>>> print(open('my_file-v1.cif').read())   # mmCIF, C-alpha atoms and all ligand atoms
data_query
loop_
_atom_site.group_PDB
_atom_site.id
_atom_site.type_symbol
_atom_site.label_atom_id
_atom_site.label_comp_id
_atom_site.auth_asym_id
_atom_site.auth_seq_id
_atom_site.Cartn_x
_atom_site.Cartn_y
_atom_site.Cartn_z
ATOM 1 C CA MET A 1 83.076 98.350 88.037
ATOM 2 C CA SER A 2 86.588 98.263 89.481
ATOM 3 C CA THR A 3 86.878 99.627 93.017
ATOM 4 C CA PRO A 4 90.617 99.586 93.794
ATOM 5 C CA ASP A 5 90.204 101.084 97.250
ATOM 6 C CA ARG A 6 87.719 98.499 98.464
ATOM 7 C CA LYS A 7 89.190 96.158 101.110
ATOM 8 C CA ARG A 8 88.369 92.436 101.241
ATOM 9 C CA TRP A 9 88.092 90.955 104.718
ATOM 10 C CA THR A 10 88.853 87.276 105.332
ATOM 11 C CA ALA A 11 85.863 84.991 105.914
ATOM 12 C CA SER A 12 86.436 84.859 109.675
ATOM 13 C CA ALA A 13 87.261 88.562 110.169
ATOM 14 C CA HIS A 14 85.068 90.487 112.602
ATOM 15 C CA GLU A 15 85.100 93.336 110.050
ATOM 16 C CA ARG A 16 83.352 91.085 107.539
ATOM 17 C CA LYS A 17 80.540 90.322 109.986
ATOM 18 C CA VAL A 18 80.059 94.017 110.746
ATOM 19 C CA GLU A 19 80.142 94.938 107.056
ATOM 20 C CA ASN A 20 77.524 92.251 106.322
ATOM 21 C CA LEU A 21 75.317 93.617 109.117
ATOM 22 C CA TYR A 22 75.329 97.146 107.683
ATOM 23 C CA SER A 23 75.337 96.202 103.978
ATOM 24 C CA GLY A 24 71.870 94.595 103.828
ATOM 25 C CA GLY A 25 69.824 96.735 101.423
ATOM 26 C CA ILE A 26 72.322 99.596 101.710
ATOM 27 C CA GLU A 27 71.789 100.517 98.043
ATOM 28 C CA ASN A 28 68.147 101.372 98.919
ATOM 29 C CA TYR A 29 69.016 103.648 101.823
ATOM 30 C CA LEU A 30 69.142 106.944 99.936
ATOM 31 C CA ASP A 31 67.646 109.687 102.089
ATOM 32 C CA HIS A 32 65.786 107.783 104.792
ATOM 33 C CA HIS A 33 66.597 109.647 108.030
ATOM 34 C CA ASN A 34 68.901 111.725 105.814
ATOM 35 C CA GLY A 35 71.389 108.837 106.017
ATOM 36 C CA TYR A 36 71.970 109.208 109.769
ATOM 37 C CA LEU A 37 72.251 106.015 111.816
ATOM 38 C CA ASN A 38 72.942 107.570 115.229
ATOM 39 C CA PHE A 39 70.525 107.465 118.184
ATOM 40 C CA GLY A 40 70.104 111.254 118.322
ATOM 41 C CA LEU A 41 70.217 113.674 121.226
ATOM 42 C CA TRP A 42 66.578 114.339 122.112
ATOM 43 C CA GLU A 43 66.765 117.463 124.245
ATOM 44 C CA ASN A 44 65.133 120.914 124.295
ATOM 45 C CA GLY A 45 61.826 119.595 122.965
ATOM 46 C CA ILE A 46 63.285 118.013 119.814
ATOM 47 C CA SER A 47 60.823 115.452 118.459
ATOM 48 C CA ASP A 48 62.074 115.026 114.877
ATOM 49 C CA TYR A 49 64.669 112.295 114.244
ATOM 50 C CA VAL A 50 66.923 114.224 111.823
ATOM 51 C CA LYS A 51 67.008 117.221 114.187
ATOM 52 C CA ALA A 52 67.948 114.903 117.088
ATOM 53 C CA ALA A 53 70.664 113.237 114.963
ATOM 54 C CA GLU A 54 72.074 116.643 113.956
ATOM 55 C CA ASN A 55 71.914 117.838 117.552
ATOM 56 C CA LEU A 56 74.133 114.909 118.550
ATOM 57 C CA VAL A 57 76.615 115.643 115.744
ATOM 58 C CA GLN A 58 76.627 119.335 116.709
ATOM 59 C CA ARG A 59 77.380 118.345 120.334
ATOM 60 C CA MET A 60 80.265 116.130 119.223
ATOM 61 C CA GLY A 61 81.749 118.923 117.092
ATOM 62 C CA THR A 62 81.496 121.245 120.101
ATOM 63 C CA ILE A 63 83.060 118.702 122.475
ATOM 64 C CA LEU A 64 85.923 118.246 120.011
ATOM 65 C CA GLY A 65 86.355 122.015 119.695
ATOM 66 C CA LEU A 66 86.510 121.915 115.880
ATOM 67 C CA ASN A 67 87.483 125.085 114.031
ATOM 68 C CA GLU A 68 88.848 126.167 110.661
ATOM 69 C CA THR A 69 92.369 124.878 111.451
ATOM 70 C CA SER A 70 91.204 121.355 112.393
ATOM 71 C CA LYS A 71 92.151 118.171 110.535
ATOM 72 C CA LEU A 72 89.499 115.651 111.549
ATOM 73 C CA LEU A 73 89.531 111.860 111.249
ATOM 74 C CA ASP A 74 86.006 110.468 111.593
ATOM 75 C CA VAL A 75 86.113 106.733 112.282
ATOM 76 C CA ALA A 76 82.836 104.934 111.443
ATOM 77 C CA PRO A 77 81.108 107.902 109.770
ATOM 78 C CA GLY A 78 78.363 105.663 108.369
ATOM 79 C CA MET A 79 76.862 107.174 105.226
ATOM 80 C CA GLY A 80 78.784 110.429 105.657
ATOM 81 C CA THR A 81 75.934 112.831 106.446
ATOM 82 C CA GLN A 82 77.557 113.794 109.747
ATOM 83 C CA ASP A 83 80.750 114.891 107.977
ATOM 84 C CA ILE A 84 78.903 117.111 105.509
ATOM 85 C CA TYR A 85 77.136 118.637 108.534
ATOM 86 C CA LEU A 86 80.415 119.166 110.456
ATOM 87 C CA SER A 87 82.092 120.611 107.367
ATOM 88 C CA GLU A 88 79.261 123.116 106.904
ATOM 89 C CA LYS A 89 78.930 124.109 110.576
ATOM 90 C CA PHE A 90 82.561 124.084 111.801
ATOM 91 C CA ALA A 91 84.519 124.543 108.521
ATOM 92 C CA PRO A 92 87.520 122.344 109.449
ATOM 93 C CA ARG A 93 90.426 122.258 106.966
ATOM 94 C CA SER A 94 89.761 118.614 106.144
ATOM 95 C CA ILE A 95 87.677 115.634 107.165
ATOM 96 C CA ASP A 96 88.720 112.031 106.426
ATOM 97 C CA GLY A 97 86.086 109.390 107.114
ATOM 98 C CA LEU A 98 87.124 105.747 107.589
ATOM 99 C CA ASP A 99 84.400 103.092 107.571
ATOM 100 C CA VAL A 100 84.393 99.307 107.332
ATOM 101 C CA THR A 101 81.223 99.162 105.185
ATOM 102 C CA TRP A 102 81.900 99.731 101.494
ATOM 103 C CA GLY A 103 78.280 100.734 100.789
ATOM 104 C CA HIS A 104 78.657 103.510 103.362
ATOM 105 C CA ILE A 105 81.785 104.796 101.604
ATOM 106 C CA GLU A 106 79.857 104.967 98.325
ATOM 107 C CA HIS A 107 77.024 106.939 99.972
ATOM 108 C CA GLY A 108 79.549 109.249 101.686
ATOM 109 C CA ARG A 109 81.363 109.990 98.430
ATOM 110 C CA ARG A 110 78.048 110.704 96.689
ATOM 111 C CA ARG A 111 77.060 113.099 99.491
ATOM 112 C CA ALA A 112 80.434 114.897 99.384
ATOM 113 C CA ARG A 113 80.035 115.282 95.596
ATOM 114 C CA GLU A 114 76.467 116.564 95.850
ATOM 115 C CA ALA A 115 77.478 119.060 98.568
ATOM 116 C CA HIS A 116 80.484 120.206 96.446
ATOM 117 C CA ARG A 117 82.810 119.353 99.340
ATOM 118 C CA GLU A 118 84.988 116.653 97.737
ATOM 119 C CA ASP A 119 88.083 118.838 98.238
ATOM 120 C CA ARG A 120 87.545 118.889 102.034
ATOM 121 C CA VAL A 121 85.597 115.703 102.854
ATOM 122 C CA SER A 122 86.961 112.274 101.781
ATOM 123 C CA PHE A 123 85.900 108.729 102.598
ATOM 124 C CA HIS A 124 88.121 105.641 102.873
ATOM 125 C CA HIS A 125 87.298 101.958 103.242
ATOM 126 C CA GLY A 126 89.177 100.363 106.142
ATOM 127 C CA THR A 127 89.118 99.453 109.786
ATOM 128 C CA ALA A 128 89.467 101.444 112.979
ATOM 129 C CA THR A 129 92.059 98.996 114.282
ATOM 130 C CA ALA A 130 94.534 99.609 111.416
ATOM 131 C CA ILE A 131 94.096 103.273 110.499
ATOM 132 C CA PRO A 132 95.708 103.905 107.089
ATOM 133 C CA PHE A 133 97.362 107.224 107.982
ATOM 134 C CA PRO A 134 100.841 108.136 109.288
ATOM 135 C CA ASP A 135 101.561 109.118 112.907
ATOM 136 C CA ASN A 136 100.594 112.640 114.063
ATOM 137 C CA THR A 137 98.339 113.365 111.059
ATOM 138 C CA PHE A 138 95.180 114.717 112.708
ATOM 139 C CA THR A 139 94.222 117.351 115.266
ATOM 140 C CA HIS A 140 90.948 115.566 116.116
ATOM 141 C CA VAL A 141 89.494 112.040 116.034
ATOM 142 C CA LEU A 142 85.748 111.383 116.236
ATOM 143 C CA SER A 143 83.690 108.221 116.434
ATOM 144 C CA ILE A 144 79.917 108.229 116.825
ATOM 145 C CA GLU A 145 78.518 104.825 117.781
ATOM 146 C CA GLY A 146 81.412 102.988 116.132
ATOM 147 C CA PRO A 147 83.713 102.018 119.035
ATOM 148 C CA GLU A 148 81.408 99.326 120.477
ATOM 149 C CA HIS A 149 81.916 97.364 117.209
ATOM 150 C CA PHE A 150 85.686 97.667 116.903
ATOM 151 C CA ASP A 151 87.764 94.530 117.428
ATOM 152 C CA THR A 152 88.820 95.840 119.848
ATOM 153 C CA ARG A 153 87.942 99.341 121.110
ATOM 154 C CA GLU A 154 91.273 99.270 122.950
ATOM 155 C CA LYS A 155 93.221 98.679 119.707
ATOM 156 C CA PHE A 156 91.350 101.606 118.147
ATOM 157 C CA LEU A 157 92.320 103.856 121.074
ATOM 158 C CA HIS A 158 95.986 103.045 120.463
ATOM 159 C CA GLU A 159 95.579 103.734 116.732
ATOM 160 C CA ALA A 160 93.713 106.993 117.421
ATOM 161 C CA ARG A 161 96.497 108.127 119.723
ATOM 162 C CA ARG A 162 99.096 107.268 117.084
ATOM 163 C CA VAL A 163 97.458 109.329 114.315
ATOM 164 C CA LEU A 164 96.653 112.291 116.589
ATOM 165 C CA GLN A 165 99.100 115.148 117.015
ATOM 166 C CA PRO A 166 100.255 115.803 120.607
ATOM 167 C CA GLY A 167 97.470 117.678 122.392
ATOM 168 C CA GLY A 168 94.974 116.364 119.816
ATOM 169 C CA VAL A 169 91.418 115.621 120.938
ATOM 170 C CA ILE A 170 89.333 112.461 120.688
ATOM 171 C CA ALA A 171 85.552 112.369 121.190
ATOM 172 C CA MET A 172 83.300 109.332 121.061
ATOM 173 C CA ALA A 173 79.600 108.577 121.448
ATOM 174 C CA ASP A 174 79.553 105.052 122.793
ATOM 175 C CA PHE A 175 77.958 102.418 125.023
ATOM 176 C CA ILE A 176 79.145 101.114 128.377
ATOM 177 C CA VAL A 177 78.030 98.516 130.893
ATOM 178 C CA LYS A 178 76.395 99.911 134.035
ATOM 179 C CA ARG A 179 76.228 96.672 135.991
ATOM 180 C CA PRO A 180 76.495 92.935 135.272
ATOM 181 C CA PRO A 181 73.259 91.006 134.531
ATOM 182 C CA LYS A 182 71.751 89.499 137.712
ATOM 183 C CA ASN A 183 69.440 86.786 136.395
ATOM 184 C CA LEU A 184 68.565 84.699 133.348
ATOM 185 C CA ILE A 185 66.306 87.332 131.721
ATOM 186 C CA GLU A 186 68.904 90.079 132.146
ATOM 187 C CA ASN A 187 71.589 87.756 130.800
ATOM 188 C CA LEU A 188 69.443 87.014 127.730
ATOM 189 C CA VAL A 189 68.774 90.726 127.070
ATOM 190 C CA ALA A 190 72.456 91.645 127.452
ATOM 191 C CA GLU A 191 73.679 88.770 125.295
ATOM 192 C CA ALA A 192 71.016 89.395 122.612
ATOM 193 C CA ALA A 193 72.034 93.057 122.352
ATOM 194 C CA ARG A 194 75.762 92.192 122.244
ATOM 195 C CA SER A 195 75.621 89.455 119.652
ATOM 196 C CA LEU A 196 72.938 90.936 117.342
ATOM 197 C CA TRP A 197 74.933 94.151 117.283
ATOM 198 C CA LYS A 198 78.291 92.473 116.600
ATOM 199 C CA VAL A 199 79.950 93.788 119.752
ATOM 200 C CA PRO A 200 83.102 91.831 120.690
ATOM 201 C CA ARG A 201 83.023 90.517 124.285
ATOM 202 C CA ALA A 202 86.286 92.358 124.912
ATOM 203 C CA ASN A 203 84.420 95.690 124.549
ATOM 204 C CA VAL A 204 81.918 95.008 127.320
ATOM 205 C CA TYR A 205 82.997 97.028 130.366
ATOM 206 C CA THR A 206 82.195 99.907 132.704
ATOM 207 C CA ALA A 207 83.078 103.608 132.478
ATOM 208 C CA GLU A 208 85.841 103.077 135.009
ATOM 209 C CA VAL A 209 87.551 100.414 132.880
ATOM 210 C CA TYR A 210 86.962 102.577 129.773
ATOM 211 C CA SER A 211 88.776 105.456 131.414
ATOM 212 C CA GLN A 212 91.690 103.191 132.442
ATOM 213 C CA LYS A 213 92.006 101.895 128.874
ATOM 214 C CA MET A 214 92.094 105.462 127.520
ATOM 215 C CA GLN A 215 94.773 106.367 130.022
ATOM 216 C CA SER A 216 96.864 103.299 129.101
ATOM 217 C CA ALA A 217 96.535 104.234 125.419
ATOM 218 C CA GLY A 218 98.072 107.656 126.178
ATOM 219 C CA PHE A 219 95.072 109.944 126.723
ATOM 220 C CA GLU A 220 94.612 112.438 129.552
ATOM 221 C CA LYS A 221 91.906 114.883 130.746
ATOM 222 C CA ILE A 222 89.397 112.065 130.214
ATOM 223 C CA ALA A 223 85.697 112.832 130.697
ATOM 224 C CA ILE A 224 82.869 110.293 130.367
ATOM 225 C CA LYS A 225 79.334 111.663 130.603
ATOM 226 C CA GLU A 226 76.209 109.497 130.840
ATOM 227 C CA MET A 227 73.537 110.625 128.364
ATOM 228 C CA GLY A 228 71.268 107.577 127.971
ATOM 229 C CA ALA A 229 68.056 109.262 129.154
ATOM 230 C CA LEU A 230 68.375 111.922 126.418
ATOM 231 C CA VAL A 231 69.337 109.407 123.742
ATOM 232 C CA ILE A 232 67.973 105.863 124.019
ATOM 233 C CA PRO A 233 64.204 106.350 124.617
ATOM 234 C CA GLY A 234 63.905 108.963 121.834
ATOM 235 C CA TYR A 235 65.542 106.617 119.331
ATOM 236 C CA TYR A 236 63.531 103.613 120.483
ATOM 237 C CA PHE A 237 60.189 105.414 120.045
ATOM 238 C CA GLU A 238 61.282 106.660 116.608
ATOM 239 C CA GLN A 239 62.189 103.115 115.532
ATOM 240 C CA MET A 240 58.868 101.741 116.835
ATOM 241 C CA LYS A 241 56.762 104.129 114.696
ATOM 242 C CA PRO A 242 54.842 102.112 112.074
ATOM 243 C CA GLU A 243 56.167 104.364 109.279
ATOM 244 C CA THR A 244 59.786 103.768 110.402
ATOM 245 C CA ILE A 245 59.188 100.000 110.616
ATOM 246 C CA ARG A 246 57.740 100.033 107.074
ATOM 247 C CA ALA A 247 60.633 102.161 105.751
ATOM 248 C CA ILE A 248 63.293 99.881 107.272
ATOM 249 C CA ALA A 249 61.529 96.793 105.861
ATOM 250 C CA ARG A 250 61.539 98.402 102.387
ATOM 251 C CA ILE A 251 65.247 99.256 102.691
ATOM 252 C CA ARG A 252 66.707 96.257 104.498
ATOM 253 C CA GLY A 253 64.207 93.523 103.597
ATOM 254 C CA PHE A 254 61.764 91.788 105.949
ATOM 255 C CA MET A 255 64.217 89.532 107.847
ATOM 256 C CA LEU A 256 66.924 92.126 108.487
ATOM 257 C CA ALA A 257 64.284 94.692 109.470
ATOM 258 C CA ARG A 258 62.861 92.254 112.060
ATOM 259 C CA LEU A 259 66.376 91.615 113.363
ATOM 260 C CA SER A 260 67.080 95.308 113.738
ATOM 261 C CA LEU A 261 63.742 95.779 115.521
ATOM 262 C CA LEU A 262 64.742 93.037 117.953
ATOM 263 C CA LEU A 263 68.051 94.794 118.489
ATOM 264 C CA ASP A 264 66.302 98.114 119.191
ATOM 265 C CA VAL A 265 64.120 96.395 121.793
ATOM 266 C CA ALA A 266 67.143 94.677 123.394
ATOM 267 C CA VAL A 267 69.090 97.957 123.668
ATOM 268 C CA TYR A 268 66.075 99.831 125.068
ATOM 269 C CA ARG A 269 65.302 97.076 127.591
ATOM 270 C CA GLY A 270 69.013 96.884 128.503
ATOM 271 C CA PHE A 271 68.906 100.607 129.250
ATOM 272 C CA THR A 272 65.632 100.583 131.230
ATOM 273 C CA MET A 273 66.898 97.605 133.273
ATOM 274 C CA GLY A 274 69.990 99.640 134.152
ATOM 275 C CA LEU A 275 72.394 97.272 132.362
ATOM 276 C CA LEU A 276 73.842 99.661 129.788
ATOM 277 C CA GLU A 277 74.389 103.379 129.289
ATOM 278 C CA TYR A 278 75.088 105.739 126.397
ATOM 279 C CA VAL A 279 78.101 107.953 127.018
ATOM 280 C CA LEU A 280 79.889 110.904 125.465
ATOM 281 C CA VAL A 281 83.631 110.526 125.935
ATOM 282 C CA ARG A 282 86.425 113.055 125.511
ATOM 283 C CA GLY A 283 90.175 112.867 125.973
ATOM 284 C CA GLU A 284 93.381 114.530 124.834
ATOM 285 C CA LYS A 285 96.565 112.932 123.567
ATOM 286 C CA ALA A 286 99.195 113.592 126.184
ATOM 287 C CA GLN A 287 101.832 116.095 125.042
ATOM 288 C CA ALA A 288 105.150 114.422 124.178
ATOM 289 C CA VAL A 289 107.516 114.203 127.183
HETATM 290 C C1 LIG B 301 75.726 102.726 114.273
HETATM 291 S S1 LIG B 301 76.644 103.035 112.809
HETATM 292 C C2 LIG B 301 77.050 104.742 113.092
HETATM 293 C C3 LIG B 301 77.385 105.434 111.808
HETATM 294 C C4 LIG B 301 77.490 106.948 111.907
HETATM 295 N N1 LIG B 301 78.489 107.351 112.871
HETATM 296 C C5 LIG B 301 76.149 107.554 112.259
HETATM 297 O O1 LIG B 301 75.966 107.795 113.451
HETATM 298 O O2 LIG B 301 75.314 107.734 111.375
HETATM 299 C C6 LIG B 301 78.177 102.192 113.107
HETATM 300 C C7 LIG B 301 79.200 102.368 111.995
HETATM 301 O O3 LIG B 301 80.420 101.766 112.408
HETATM 302 C C8 LIG B 301 81.061 101.248 111.257
HETATM 303 N N2 LIG B 301 82.119 100.333 111.734
HETATM 304 C C9 LIG B 301 81.955 99.226 112.473
HETATM 305 N N3 LIG B 301 83.139 98.620 112.704
HETATM 306 C C10 LIG B 301 84.089 99.382 112.112
HETATM 307 C C11 LIG B 301 85.506 99.310 112.021
HETATM 308 N N4 LIG B 301 86.185 98.285 112.556
HETATM 309 N N5 LIG B 301 86.159 100.290 111.374
HETATM 310 C C12 LIG B 301 85.490 101.328 110.804
HETATM 311 N N6 LIG B 301 84.141 101.443 110.846
HETATM 312 C C13 LIG B 301 83.444 100.490 111.487
HETATM 313 C C14 LIG B 301 79.909 100.621 110.508
HETATM 314 O O4 LIG B 301 80.209 100.328 109.183
HETATM 315 C C15 LIG B 301 78.853 101.715 110.655
HETATM 316 O O5 LIG B 301 78.996 102.666 109.646
#
>>> encode(input="my_file-v1.cif", output="C-alpha cells")
Amino acid sequence: MSTPDRKRWTASAHERKVENLYSGGIENYLDHHNGYLNFGLWENGISDYVKAAENLVQRMGTILGLNETSKLLDVAPGMGTQDIYLSEKFAPRSIDGLDVTWGHIEHGRRRAREAHREDRVSFHHGTATAIPFPDNTFTHVLSIEGPEHFDTREKFLHEARRVLQPGGVIAMADFIVKRPPKNLIENLVAEAARSLWKVPRANVYTAEVYSQKMQSAGFEKIAIKEMGALVIPGYYFEQMKPETIRAIARIRGFMLARLSLLLDVAVYRGFTMGLLEYVLVRGEKAQAV
C-alpha cells in the first residue's frame, strides 16, 4: 500500500535506530495497556497501569493549561491514546501529533478514526528536530517521554519555540541526570540505560543544565519538578508482573521483550541508585520584544 507521508531515514540516522526500537512487533500492539507507553503517575492509591498512565496525561494537560481555544502539538505521542484522552477531557481546537515511528502513526490514525475525532486529532510522521509546521502555529507543545530520545533535545527546544506562538506553553515529562556515576557498576547501569534506550550522549545532563538550555532556546518561567518516586517504581513493578512479561513477549517477540526488561531494570536501578530522575518540565515562550 502506498504511504506518501511516511518518511525514510538514512541508514545512519538516529531516527532510524529509534524507529527500529519501537517498531518491533508494533502491529501486534493493539490494546495492550490501551496503547500507552508512558511510566504513569502512581499517586492517590492508583494501582492500575492504565489509570496511572491517564493520570500522567491528565497532569500534563493541566500543567499546559489546555482549553477549548488551544492548538496543541504533541511531539512523540506514541500510539496516540494520550491525544484521544486530551481531546475528550480538555476539548482543544486541534491536536497534531508528530512521531518518528510509522507504526505509531498508523495506530494513532486508527484510534482517531474509531473515536470519531479525525477532524480534531491528526498524526504525522516526522522528527522532533525538524518540525513540519510554520512558525507561530501552536499555543501549546507537549512531549511525554520523547525528549530523552531526540537528537538532540536542545534542537527540539529551538524547534518547539519556533512553532509556538509568543506566550505559548511547553510541557514535557522527561528524564534527567541527578549525579554522575561514581564506580564501575554505576557506570555500567547508566551506560546500559542510555544505549539500550537510544538516548544520545548530548541529552545526558542535570536539571540545572536543562533549565539553561530552555532559557537559551527562548523559554521563560521555567519549572522543573522531580517526580521519580511517584513514577518509576510503579512502572517497574507493573513491567515485572508475569502477565506483563508474557504480553510483551507475545507482542514484541522473545528477544526484544528480554531487551526491554533489561532496560526497565536499568532505569529502575539507575533511579534507586540516585543516578537519574523523572521530571515534569514547564516553560513559556518569551513574548516578542
Ligand atoms: C516512551 S515512548 C512515549 C510515547 C507516548 N508519549 C506515550 O507516553 O505513550 C517515546 C516515543 O518517542 C518517539 N520518538 C522518539 N524520537 C523521536 C523523534 N525524534 N521525533 C518524534 N518522535 C520521536 C517514539 O517513536 C515513541 O513513540
>>> resolve_selection(input="my_file-v1.cif", expression="the PyMOL selection byres (((chain A and resi 275) around 12) and not hetatm)", output="PyMOL selection string")
chain A and resi 175-183+185-191+193-194+204-206+228+266-274+276-278
>>> closest_residue(input="my_file-v1.cif", among="A:Leu30, A:Ala115, A:Ile131, A:Leu66", to="ligand LIG 301 (chain B)", atoms="all atoms listed in the file")
A:Ile131
>>> residues_near_ligand(input="my_file-v1.cif", ligand="ligand LIG 301 (chain B)", cutoff="9 Å", atoms="all atoms listed in the file", output="PyMOL selection string")
chain A and resi 14-15+18-23+35-40+53+56-57+74-82+97-105+125-131+142-153+156+173+198
>>> atom_distance(input="my_file-v1.cif", atom1="atom CA of A:Leu230", atom2="atom CA of A:Val279")
10.5 Å
>>> residues_around(input="my_file-v1.cif", residues="stretch 242-245 of chain A", least_positions_apart="3", cutoff="12 Å", atoms="all atoms listed in the file", output="PyMOL selection string")
chain A and resi 32-33+49+235-239+248-262+264
>>> closest_residue(input="my_file-v1.cif", among="A:Leu184, A:Ile224, A:Leu280, A:Val199", to="A:Arg59", atoms="only C-alpha atoms")
A:Leu280
>>> resolve_selection(input="my_file-v1.cif", expression="the PyMOL selection byres (((chain A and resi 283) around 8) and not hetatm)", output="MDAnalysis selection string")
chainID A and resid 169:171 214 219:223 281:282 284:285
>>> resolve_selection(input="my_file-v1.cif", expression="the PyMOL selection byres (((chain A and resi 120) around 8) and not hetatm)", output="ChimeraX atom specification")
/A:87,93-95,117-119,121-122
>>> decode(input="my_file-v1.cif", residues="stretch 257-264 of chain A", atoms="all heavy atoms", output="CSV table (one decimal), in the first residue's frame")
chain,number,residue,atom,x,y,z
A,257,ALA,N,11.6,-8.5,23.9
A,257,ALA,CA,10.9,-8.4,25.2
A,257,ALA,C,12.0,-8.5,26.3
A,257,ALA,O,11.9,-7.8,27.3
A,257,ALA,CB,9.9,-9.5,25.3
A,258,ARG,N,13.0,-9.4,26.1
A,258,ARG,CA,14.1,-9.5,27.1
A,258,ARG,C,14.9,-8.2,27.2
A,258,ARG,O,15.3,-7.8,28.3
A,258,ARG,CB,15.0,-10.7,26.7
A,258,ARG,CG,14.5,-12.0,27.0
A,258,ARG,CD,14.4,-12.2,28.6
A,258,ARG,NE,13.7,-13.4,29.0
A,258,ARG,CZ,12.3,-13.5,29.1
A,258,ARG,NH1,11.6,-12.5,28.8
A,258,ARG,NH2,11.8,-14.6,29.6
A,259,LEU,N,15.1,-7.6,26.0
A,259,LEU,CA,15.9,-6.3,26.0
A,259,LEU,C,15.1,-5.2,26.7
A,259,LEU,O,15.7,-4.5,27.5
A,259,LEU,CB,16.0,-5.9,24.5
A,259,LEU,CG,17.1,-5.0,24.2
A,259,LEU,CD1,18.5,-5.7,24.3
A,259,LEU,CD2,17.0,-4.4,22.7
A,260,SER,N,13.8,-5.2,26.5
A,260,SER,CA,13.0,-4.1,27.2
A,260,SER,C,12.9,-4.4,28.7
A,260,SER,O,12.9,-3.5,29.5
A,260,SER,CB,11.7,-3.9,26.5
A,260,SER,OG,10.8,-4.8,26.9
A,261,LEU,N,13.0,-5.7,29.1
A,261,LEU,CA,13.0,-6.0,30.5
A,261,LEU,C,14.3,-5.5,31.1
A,261,LEU,O,14.3,-4.9,32.2
A,261,LEU,CB,12.9,-7.5,30.6
A,261,LEU,CG,12.3,-8.1,31.9
A,261,LEU,CD1,10.9,-7.6,32.1
A,261,LEU,CD2,12.3,-9.6,31.9
A,262,LEU,N,15.4,-5.7,30.4
A,262,LEU,CA,16.7,-5.3,30.8
A,262,LEU,C,16.7,-3.8,31.0
A,262,LEU,O,17.3,-3.2,32.0
A,262,LEU,CB,17.8,-5.7,29.8
A,262,LEU,CG,19.2,-5.8,30.2
A,262,LEU,CD1,19.3,-6.9,31.3
A,262,LEU,CD2,20.1,-6.2,29.0
A,263,LEU,N,16.1,-3.1,30.1
A,263,LEU,CA,16.0,-1.6,30.1
A,263,LEU,C,15.2,-1.2,31.3
A,263,LEU,O,15.7,-0.2,32.0
A,263,LEU,CB,15.4,-1.1,28.8
A,263,LEU,CG,15.1,0.4,28.7
A,263,LEU,CD1,16.4,1.2,28.9
A,263,LEU,CD2,14.4,0.7,27.4
A,264,ASP,N,14.1,-1.9,31.6
A,264,ASP,CA,13.3,-1.5,32.8
A,264,ASP,C,14.1,-1.6,34.0
A,264,ASP,O,14.0,-0.8,34.9
A,264,ASP,CB,12.0,-2.4,32.8
A,264,ASP,CG,11.1,-2.1,31.7
A,264,ASP,OD1,11.1,-1.0,31.2
A,264,ASP,OD2,10.4,-3.0,31.3
